[in-house]
>>> print(open('entry15.txt').read())   # compact mmCIF, C-alpha atoms and all ligand atoms
# COMPACT_ATOMS: atom_id res chain seq x y z
CA MET A 30 66.22 -5.98 10.60
CA LYS A 31 64.75 -6.24 7.21
CA GLN A 32 61.19 -4.95 6.77
CA PRO A 33 58.93 -7.65 5.47
CA PHE A 34 58.19 -6.94 1.87
CA TYR A 35 54.57 -7.01 0.77
CA GLY A 36 54.09 -7.52 -2.91
CA ILE A 37 51.11 -6.01 -4.71
CA GLY A 38 49.39 -9.39 -4.71
CA GLN A 39 49.71 -9.67 -0.93
CA LYS A 40 48.46 -6.10 -0.43
CA LEU A 41 45.38 -6.83 -2.53
CA HIS A 42 44.85 -9.99 -0.53
CA LEU A 43 44.88 -8.00 2.75
CA VAL A 44 42.37 -5.46 1.35
CA ARG A 45 40.10 -8.24 0.14
CA CYS A 46 40.21 -9.97 3.53
CA SER A 47 39.16 -6.86 5.42
CA MET A 48 36.39 -6.19 2.88
CA ASN A 49 35.11 -9.72 3.30
CA LYS A 50 35.05 -9.15 7.04
CA THR A 51 33.11 -5.89 6.68
CA ILE A 52 30.56 -7.61 4.44
CA THR A 53 30.25 -10.49 6.89
CA TYR A 54 29.60 -8.05 9.75
CA MET A 55 27.06 -6.14 7.70
CA VAL A 56 25.14 -9.28 6.70
CA ALA A 57 25.22 -10.59 10.27
CA GLY A 58 24.06 -7.20 11.60
CA GLY A 59 21.22 -7.15 9.07
CA CYS A 60 20.13 -10.65 10.08
CA ILE A 61 20.15 -9.76 13.76
CA PHE A 62 18.15 -6.59 13.07
CA ILE A 63 15.51 -8.49 11.08
CA LEU A 64 15.35 -11.21 13.73
CA LEU A 65 14.88 -8.72 16.59
CA ALA A 66 12.42 -6.67 14.53
CA GLN A 67 9.99 -9.62 14.57
CA PHE A 68 9.30 -8.91 18.25
CA VAL A 69 8.52 -5.20 18.05
CA GLY A 70 6.02 -2.89 16.43
CA PRO A 71 2.23 -2.94 16.16
CA GLU A 72 0.16 -5.86 14.89
CA LEU A 73 -1.26 -5.68 11.37
CA PRO A 74 -4.67 -3.98 11.19
CA PRO A 75 -7.48 -6.55 11.56
CA VAL A 76 -9.48 -7.98 8.66
CA GLN A 77 -13.25 -8.54 8.57
CA LYS A 78 -14.10 -11.77 6.76
CA ASN A 79 -17.81 -11.10 6.20
CA PRO A 80 -18.06 -7.34 6.18
CA SER A 81 -21.29 -5.39 5.88
CA GLU A 82 -22.49 -4.44 2.43
CA GLY A 83 -20.25 -1.39 2.37
CA ILE A 84 -20.53 1.00 -0.52
CA GLY A 85 -22.72 -1.40 -2.53
CA PHE A 86 -22.82 -1.58 -6.31
CA ASP A 87 -25.60 -1.76 -8.90
CA GLN A 88 -25.60 -4.37 -11.63
CA GLY A 89 -24.31 -1.84 -14.18
CA GLU A 90 -21.34 -1.07 -11.95
CA ALA A 91 -19.81 -4.56 -12.02
CA GLN A 92 -16.67 -3.38 -13.76
CA ILE A 93 -16.10 -0.43 -11.44
CA LYS A 94 -16.61 -2.77 -8.51
CA THR A 95 -13.92 -5.13 -9.83
CA TRP A 96 -11.47 -2.28 -10.40
CA LEU A 97 -12.05 -0.75 -6.97
CA ARG A 98 -11.67 -4.16 -5.38
CA THR A 99 -8.38 -4.91 -7.15
CA ALA A 100 -6.88 -1.42 -6.96
CA CYS A 101 -8.17 0.11 -3.71
CA TYR A 102 -9.74 -2.39 -1.31
CA ASP A 103 -6.50 -3.69 0.22
CA CYS A 104 -5.94 -0.26 1.85
CA HIS A 105 -9.43 1.23 1.82
CA SER A 106 -11.65 -1.50 3.23
CA MET A 107 -11.75 -4.08 6.00
CA GLU A 108 -11.26 -6.82 3.39
CA THR A 109 -7.49 -6.52 3.10
CA ASN A 110 -5.77 -9.47 1.42
CA TYR A 111 -2.44 -9.76 3.14
CA PRO A 112 0.41 -11.25 1.11
CA TRP A 113 2.64 -13.85 2.82
CA TYR A 114 5.34 -11.27 3.59
CA ALA A 115 2.83 -8.97 5.29
CA SER A 116 3.59 -10.36 8.73
CA VAL A 117 7.36 -10.18 8.21
CA LYS A 118 8.87 -7.09 9.75
CA PRO A 119 10.02 -4.55 8.70
CA PHE A 120 7.60 -4.88 5.70
CA SER A 121 4.64 -5.17 8.05
CA TRP A 122 5.43 -1.77 9.61
CA LEU A 123 5.11 -0.02 6.25
CA LEU A 124 2.15 -2.11 5.12
CA GLY A 125 0.30 -1.64 8.40
CA GLN A 126 0.86 2.10 8.28
CA HIS A 127 -0.49 2.34 4.72
CA ILE A 128 -3.57 0.35 5.66
CA ARG A 129 -4.25 2.27 8.88
CA LYS A 130 -3.88 5.62 7.12
CA GLY A 131 -5.77 4.44 4.04
CA ARG A 132 -8.73 3.15 6.07
CA ALA A 133 -8.83 6.34 8.12
CA GLU A 134 -9.09 8.43 4.94
CA LEU A 135 -11.56 6.23 3.10
CA ASN A 136 -13.13 2.94 4.15
CA PHE A 137 -15.50 1.38 1.64
CA THR A 138 -16.71 -1.10 4.26
CA GLU A 139 -17.93 1.75 6.47
CA TRP A 140 -19.41 3.74 3.60
CA GLN A 141 -23.03 3.48 4.80
CA SER A 142 -22.09 5.02 8.14
CA TYR A 143 -20.67 8.18 6.49
CA PRO A 144 -23.02 11.16 6.53
CA ARG A 145 -24.07 12.30 3.04
CA ARG A 146 -21.75 15.28 3.23
CA THR A 147 -18.79 13.00 3.97
CA GLN A 148 -19.75 10.63 1.14
CA LEU A 149 -19.79 13.56 -1.27
CA ARG A 150 -16.41 14.77 -0.08
CA LYS A 151 -14.88 11.30 -0.38
CA LEU A 152 -16.27 10.86 -3.89
CA ARG A 153 -14.77 14.19 -4.90
CA ASP A 154 -11.41 13.21 -3.32
CA MET A 155 -11.49 9.87 -5.14
CA GLY A 156 -12.00 11.67 -8.43
CA GLU A 157 -9.08 13.98 -7.64
CA GLU A 158 -6.74 11.16 -6.64
CA LEU A 159 -7.60 9.25 -9.83
CA GLU A 160 -7.26 12.35 -11.96
CA GLN A 161 -3.79 13.04 -10.57
CA ASP A 162 -2.87 9.35 -10.77
CA ASN A 163 -1.90 9.38 -7.06
CA MET A 164 -3.84 6.23 -6.24
CA PRO A 165 -3.25 3.35 -6.00
CA LEU A 166 0.12 4.10 -4.40
CA LYS A 167 3.10 3.40 -6.66
CA SER A 168 4.73 1.19 -4.04
CA TYR A 169 1.58 -0.94 -4.21
CA THR A 170 1.34 -1.31 -7.99
CA LEU A 171 5.00 -2.26 -8.04
CA VAL A 172 4.17 -5.51 -6.25
CA HIS A 173 0.55 -5.73 -7.48
CA PRO A 174 0.84 -4.99 -11.21
CA GLN A 175 -2.78 -6.09 -11.73
CA ALA A 176 -3.83 -3.03 -9.68
CA LYS A 177 -2.38 -0.60 -12.23
CA LEU A 178 -5.12 1.47 -13.84
CA SER A 179 -5.09 2.58 -17.47
CA SER A 180 -6.13 6.15 -18.23
CA GLN A 181 -9.42 4.77 -19.66
CA GLN A 182 -10.08 2.90 -16.44
CA ARG A 183 -9.34 6.03 -14.44
CA ASP A 184 -11.66 8.09 -16.66
CA SER A 185 -14.47 5.56 -16.21
CA MET A 186 -13.94 5.59 -12.45
CA ILE A 187 -13.94 9.38 -12.33
CA ALA A 188 -17.21 9.41 -14.30
CA TRP A 189 -18.58 6.88 -11.79
CA THR A 190 -17.66 9.11 -8.80
CA GLU A 191 -19.64 11.92 -10.46
CA LEU A 192 -22.65 9.66 -11.08
CA ARG A 193 -22.51 8.45 -7.48
CA ALA A 194 -22.27 11.99 -6.18
CA ARG A 195 -25.39 12.90 -8.17
CA ALA A 196 -27.17 9.84 -6.74
CA VAL A 197 -26.17 10.86 -3.19
CA LEU A 198 -27.46 14.38 -3.80
CA GLY A 199 -30.69 13.05 -5.25
CA LYS A 200 -31.42 10.85 -2.21
C1 LIG A 301 -1.24 0.62 -0.73
C2 LIG A 301 -2.36 1.21 -0.11
C3 LIG A 301 -3.33 2.04 -0.91
C4 LIG A 301 -4.02 1.69 -2.06
C5 LIG A 301 -3.95 0.40 -2.82
C6 LIG A 301 -4.87 2.82 -2.36
N1 LIG A 301 -4.69 3.81 -1.43
FE1 LIG A 301 -5.71 5.56 -1.31
N2 LIG A 301 -4.61 6.10 0.33
C7 LIG A 301 -3.63 5.35 0.92
C8 LIG A 301 -3.03 6.09 2.00
C9 LIG A 301 -1.88 5.61 2.88
C10 LIG A 301 -3.68 7.33 2.06
C11 LIG A 301 -3.43 8.47 3.04
C12 LIG A 301 -2.83 9.64 2.37
C13 LIG A 301 -1.43 9.40 1.94
O1 LIG A 301 -0.60 9.04 2.77
O2 LIG A 301 -1.14 9.60 0.75
C14 LIG A 301 -4.68 7.30 1.00
C15 LIG A 301 -5.56 8.33 0.73
C16 LIG A 301 -6.58 8.27 -0.18
C17 LIG A 301 -7.60 9.28 -0.35
C18 LIG A 301 -7.71 10.58 0.43
C19 LIG A 301 -6.76 11.56 -0.19
C20 LIG A 301 -6.90 12.94 0.34
O3 LIG A 301 -6.02 13.34 1.11
O4 LIG A 301 -7.87 13.59 -0.02
C21 LIG A 301 -8.42 8.88 -1.36
C22 LIG A 301 -9.64 9.60 -1.90
C23 LIG A 301 -7.89 7.61 -1.83
N3 LIG A 301 -6.79 7.25 -1.11
C24 LIG A 301 -8.43 6.88 -2.88
C25 LIG A 301 -7.93 5.70 -3.37
C26 LIG A 301 -8.47 5.00 -4.52
C27 LIG A 301 -9.66 5.46 -5.33
C28 LIG A 301 -7.70 3.88 -4.69
C29 LIG A 301 -7.81 2.86 -5.78
C30 LIG A 301 -7.84 3.33 -7.12
C31 LIG A 301 -6.69 3.88 -3.63
N4 LIG A 301 -6.85 5.00 -2.88
C32 LIG A 301 -5.73 2.88 -3.45
C33 LIG A 301 -3.28 4.07 0.57
C34 LIG A 301 -3.75 3.37 -0.53
>>> encode(input="entry15.txt", output="structure tokens")
Amino acid sequence: MKQPFYGIGQKLHLVRCSMNKTITYMVAGGCIFILLAQFVGPELPPVQKNPSEGIGFDQGEAQIKTWLRTACYDCHSMETNYPWYASVKPFSWLLGQHIRKGRAELNFTEWQSYPRRTQLRKLRDMGEELEQDNMPLKSYTLVHPQAKLSSQQRDSMIAWTELRARAVLGK
């Protein structure tokens, strides 16, 4: 019996077919994973629509207020603005975790309930995070480019944390 002869073209065709199959399986697997993921995992942290005064700002601090609100409040207050994809898992797992951890570390909405000592520590930590350019998180500024802070903005905010700390001490 003569062995069937596969030409190079036919061989390539076989390879391509099995690759197409692998890709199809991978895409289908991904879709099934994303579909099933919608039913598991924790809910997104809740949002307060009319929160208490929170940290509060003087008239002269309007700019700082705007910057904190655009760069920090989504993770460090109860006034989180969720984007449309926030409730889509697996994004919501990551987002929810950032917000839970962020609020636990620093929550501007609950500022008034912090003892003076805690307020001072948080102000110092804010200054450090800004100084080291750790905050806002890079994964956040990637999708919220308006939250990126220039070095001048960071300097002004650091100066503000020092002013605030002096005000807290003076109380
Ligand atoms: C995308 C969410 C997100 C944004 C936006 C964000 N943070 Fe954070 N922040 C976190 C998380 C999460 C932590 C917990 C520590 C960690 O995992 O890095 C944290 C921790 C902190 C801490 C405590 C750090 C420590 O360990 O001492 C400070 C202070 C802080 N953030 C300040 C800020 C300031 C100021 C801004 C705005 C300029 C900001 N963050 C923006 C998520 C965020």
>>> closest_residue(input="entry15.txt", among="A:Lys40, A:Lys151, A:Lys118, A:Lys200", to="ligand LIG 301 (chain A)", atoms="only C-alpha atoms and all ligand atoms")
A:Lys151
>>> residues_near_ligand(input="entry15.txt", ligand="ligand LIG 301 (chain A)", cutoff="9 Å", atoms="only C-alpha atoms and all ligand atoms", output="PDB file with C-alpha atoms, in the coordinates of the input")
ATOM      1  CA  TRP A  96     -11.470  -2.280 -10.400  1.00  0.00           C
ATOM      2  CA  LEU A  97     -12.050  -0.750  -6.970  1.00  0.00           C
ATOM      3  CA  ARG A  98     -11.670  -4.160  -5.380  1.00  0.00           C
ATOM      4  CA  THR A  99      -8.380  -4.910  -7.150  1.00  0.00           C
ATOM      5  CA  ALA A 100      -6.880  -1.420  -6.960  1.00  0.00           C
ATOM      6  CA  CYS A 101      -8.170   0.110  -3.710  1.00  0.00           C
ATOM      7  CA  TYR A 102      -9.740  -2.390  -1.310  1.00  0.00           C
ATOM      8  CA  ASP A 103      -6.500  -3.690   0.220  1.00  0.00           C
ATOM      9  CA  CYS A 104      -5.940  -0.260   1.850  1.00  0.00           C
ATOM     10  CA  HIS A 105      -9.430   1.230   1.820  1.00  0.00           C
ATOM     11  CA  LEU A 124       2.150  -2.110   5.120  1.00  0.00           C
ATOM     12  CA  GLN A 126       0.860   2.100   8.280  1.00  0.00           C
ATOM     13  CA  HIS A 127      -0.490   2.340   4.720  1.00  0.00           C
ATOM     14  CA  ILE A 128      -3.570   0.350   5.660  1.00  0.00           C
ATOM     15  CA  ARG A 129      -4.250   2.270   8.880  1.00  0.00           C
ATOM     16  CA  LYS A 130      -3.880   5.620   7.120  1.00  0.00           C
ATOM     17  CA  GLY A 131      -5.770   4.440   4.040  1.00  0.00           C
ATOM     18  CA  ARG A 132      -8.730   3.150   6.070  1.00  0.00           C
ATOM     19  CA  ALA A 133      -8.830   6.340   8.120  1.00  0.00           C
ATOM     20  CA  GLU A 134      -9.090   8.430   4.940  1.00  0.00           C
ATOM     21  CA  LEU A 135     -11.560   6.230   3.100  1.00  0.00           C
ATOM     22  CA  ARG A 150     -16.410  14.770  -0.080  1.00  0.00           C
ATOM     23  CA  LYS A 151     -14.880  11.300  -0.380  1.00  0.00           C
ATOM     24  CA  LEU A 152     -16.270  10.860  -3.890  1.00  0.00           C
ATOM     25  CA  ARG A 153     -14.770  14.190  -4.900  1.00  0.00           C
ATOM     26  CA  ASP A 154     -11.410  13.210  -3.320  1.00  0.00           C
ATOM     27  CA  MET A 155     -11.490   9.870  -5.140  1.00  0.00           C
ATOM     28  CA  GLY A 156     -12.000  11.670  -8.430  1.00  0.00           C
ATOM     29  CA  GLU A 157      -9.080  13.980  -7.640  1.00  0.00           C
ATOM     30  CA  GLU A 158      -6.740  11.160  -6.640  1.00  0.00           C
ATOM     31  CA  LEU A 159      -7.600   9.250  -9.830  1.00  0.00           C
ATOM     32  CA  ASP A 162      -2.870   9.350 -10.770  1.00  0.00           C
ATOM     33  CA  ASN A 163      -1.900   9.380  -7.060  1.00  0.00           C
ATOM     34  CA  MET A 164      -3.840   6.230  -6.240  1.00  0.00           C
ATOM     35  CA  PRO A 165      -3.250   3.350  -6.000  1.00  0.00           C
ATOM     36  CA  LEU A 166       0.120   4.100  -4.400  1.00  0.00           C
ATOM     37  CA  LYS A 167       3.100   3.400  -6.660  1.00  0.00           C
ATOM     38  CA  SER A 168       4.730   1.190  -4.040  1.00  0.00           C
ATOM     39  CA  TYR A 169       1.580  -0.940  -4.210  1.00  0.00           C
ATOM     40  CA  THR A 170       1.340  -1.310  -7.990  1.00  0.00           C
ATOM     41  CA  HIS A 173       0.550  -5.730  -7.480  1.00  0.00           C
ATOM     42  CA  ALA A 176      -3.830  -3.030  -9.680  1.00  0.00           C
ATOM     43  CA  LYS A 177      -2.380  -0.600 -12.230  1.00  0.00           C
ATOM     44  CA  LEU A 178      -5.120   1.470 -13.840  1.00  0.00           C
ATOM     45  CA  ARG A 183      -9.340   6.030 -14.440  1.00  0.00           C
ATOM     46  CA  MET A 186     -13.940   5.590 -12.450  1.00  0.00           C
TER      47      MET A 186
END
>>> atom_distance(input="entry15.txt", atom1="CA of Val117 in chain A", atom2="CA of Gly59 in chain A")
14.2 Å
>>> closest_residue(input="entry15.txt", among="A:Thr138, A:Phe34, A:Leu65, A:Tyr54", to="Asn79 in chain A", atoms="all atoms listed in the file")
A:Thr138
>>> atom_distance(input="entry15.txt", atom1="CA of Pro112 in chain A", atom2="CA of Asn136 in chain A")
19.8 Å
>>> atom_distance(input="entry15.txt", atom1="CA of Ser81 in chain A", atom2="CA of Trp122 in chain A")
27.2 Å
>>> closest_residue(input="entry15.txt", among="A:Trp140, A:Thr95, A:Pro119, A:Gly38", to="Val69 in chain A", atoms="only C-alpha atoms")
A:Pro119
>>> residues_around(input="entry15.txt", residues="Gly199 in chain A", least_positions_apart="5", cutoff="12 Å", atoms="only C-alpha atoms", output="ChimeraX atom specification")
/A:145,149,192-194
>>> write_last_selection(input="entry15.txt", atoms="C-alpha atoms", output="PDB file, keeping the file's coordinate frame")
ATOM      1  CA  ARG A 145     -24.070  12.300   3.040  1.00  0.00           C
ATOM      2  CA  LEU A 149     -19.790  13.560  -1.270  1.00  0.00           C
ATOM      3  CA  LEU A 192     -22.650   9.660 -11.080  1.00  0.00           C
ATOM      4  CA  ARG A 193     -22.510   8.450  -7.480  1.00  0.00           C
ATOM      5  CA  ALA A 194     -22.270  11.990  -6.180  1.00  0.00           C
TER       6      ALA A 194
END
>>> closest_residue(input="entry15.txt", among="A:Val76, A:Val197, A:Ala188, A:Ala66", to="Thr147 in chain A", atoms="only C-alpha atoms")
A:Val197
>>> closest_residue(input="entry15.txt", among="A:Gln148, A:Ile93, A:Ser106, A:Ile63", to="Gln181 in chain A", atoms="all atoms listed in the file")
A:Ile93
>>> axis_aligned_box(input="entry15.txt", around="range 124-141 of chain A", padding_each_side="5 Å", output="JSON")
{"center_x": -10.4, "center_y": 3.2, "center_z": 5.3, "size_x": 35.2, "size_y": 20.5, "size_z": 17.2}
>>> closest_residue(input="entry15.txt", among="A:Ser180, A:Asn49, A:Gln175, A:Gln67", to="Gln161 in chain A", atoms="all atoms listed in the file")
A:Ser180
>>> build_atoms(input="entry15.txt", residues="range 128-142 of chain A", atoms="N, CA and C atoms", output="PDB file, keeping the file's coordinate frame")
ATOM      1  N   ILE A 128      -2.196   0.826   5.500  1.00  0.00           N
ATOM      2  CA  ILE A 128      -3.570   0.350   5.660  1.00  0.00           C
ATOM      3  C   ILE A 128      -4.296   1.170   6.725  1.00  0.00           C
ATOM      4  N   ARG A 129      -3.620   1.449   7.832  1.00  0.00           N
ATOM      5  CA  ARG A 129      -4.250   2.270   8.880  1.00  0.00           C
ATOM      6  C   ARG A 129      -4.609   3.652   8.347  1.00  0.00           C
ATOM      7  N   LYS A 130      -3.646   4.276   7.657  1.00  0.00           N
ATOM      8  CA  LYS A 130      -3.880   5.620   7.120  1.00  0.00           C
ATOM      9  C   LYS A 130      -4.932   5.585   6.029  1.00  0.00           C
ATOM     10  N   GLY A 131      -4.818   4.594   5.153  1.00  0.00           N
ATOM     11  CA  GLY A 131      -5.770   4.440   4.040  1.00  0.00           C
ATOM     12  C   GLY A 131      -7.191   4.280   4.552  1.00  0.00           C
ATOM     13  N   ARG A 132      -7.382   3.380   5.528  1.00  0.00           N
ATOM     14  CA  ARG A 132      -8.730   3.150   6.070  1.00  0.00           C
ATOM     15  C   ARG A 132      -9.268   4.391   6.761  1.00  0.00           C
ATOM     16  N   ALA A 133      -8.374   5.141   7.427  1.00  0.00           N
ATOM     17  CA  ALA A 133      -8.830   6.340   8.120  1.00  0.00           C
ATOM     18  C   ALA A 133      -9.330   7.387   7.123  1.00  0.00           C
ATOM     19  N   GLU A 134      -8.690   7.445   5.966  1.00  0.00           N
ATOM     20  CA  GLU A 134      -9.090   8.430   4.940  1.00  0.00           C
ATOM     21  C   GLU A 134     -10.356   8.017   4.218  1.00  0.00           C
ATOM     22  N   LEU A 135     -10.471   6.727   3.937  1.00  0.00           N
ATOM     23  CA  LEU A 135     -11.560   6.230   3.100  1.00  0.00           C
ATOM     24  C   LEU A 135     -11.712   4.740   3.366  1.00  0.00           C
ATOM     25  N   ASN A 136     -12.902   4.357   3.868  1.00  0.00           N
ATOM     26  CA  ASN A 136     -13.130   2.940   4.150  1.00  0.00           C
ATOM     27  C   ASN A 136     -14.439   2.517   3.496  1.00  0.00           C
ATOM     28  N   PHE A 137     -14.310   1.774   2.395  1.00  0.00           N
ATOM     29  CA  PHE A 137     -15.500   1.380   1.640  1.00  0.00           C
ATOM     30  C   PHE A 137     -16.433   0.503   2.478  1.00  0.00           C
ATOM     31  N   THR A 138     -15.881  -0.241   3.408  1.00  0.00           N
ATOM     32  CA  THR A 138     -16.710  -1.100   4.260  1.00  0.00           C
ATOM     33  C   THR A 138     -17.615  -0.259   5.160  1.00  0.00           C
ATOM     34  N   GLU A 139     -17.140   0.919   5.553  1.00  0.00           N
ATOM     35  CA  GLU A 139     -17.930   1.750   6.470  1.00  0.00           C
ATOM     36  C   GLU A 139     -18.722   2.840   5.746  1.00  0.00           C
ATOM     37  N   TRP A 140     -18.808   2.698   4.433  1.00  0.00           N
ATOM     38  CA  TRP A 140     -19.410   3.740   3.600  1.00  0.00           C
ATOM     39  C   TRP A 140     -20.796   4.168   4.087  1.00  0.00           C
ATOM     40  N   GLN A 141     -21.633   3.163   4.419  1.00  0.00           N
ATOM     41  CA  GLN A 141     -23.030   3.480   4.800  1.00  0.00           C
ATOM     42  C   GLN A 141     -23.096   4.318   6.074  1.00  0.00           C
ATOM     43  N   SER A 142     -22.053   4.263   6.895  1.00  0.00           N
ATOM     44  CA  SER A 142     -22.090   5.020   8.140  1.00  0.00           C
ATOM     45  C   SER A 142     -21.606   6.472   7.950  1.00  0.00           C
TER      46      SER A 142
END
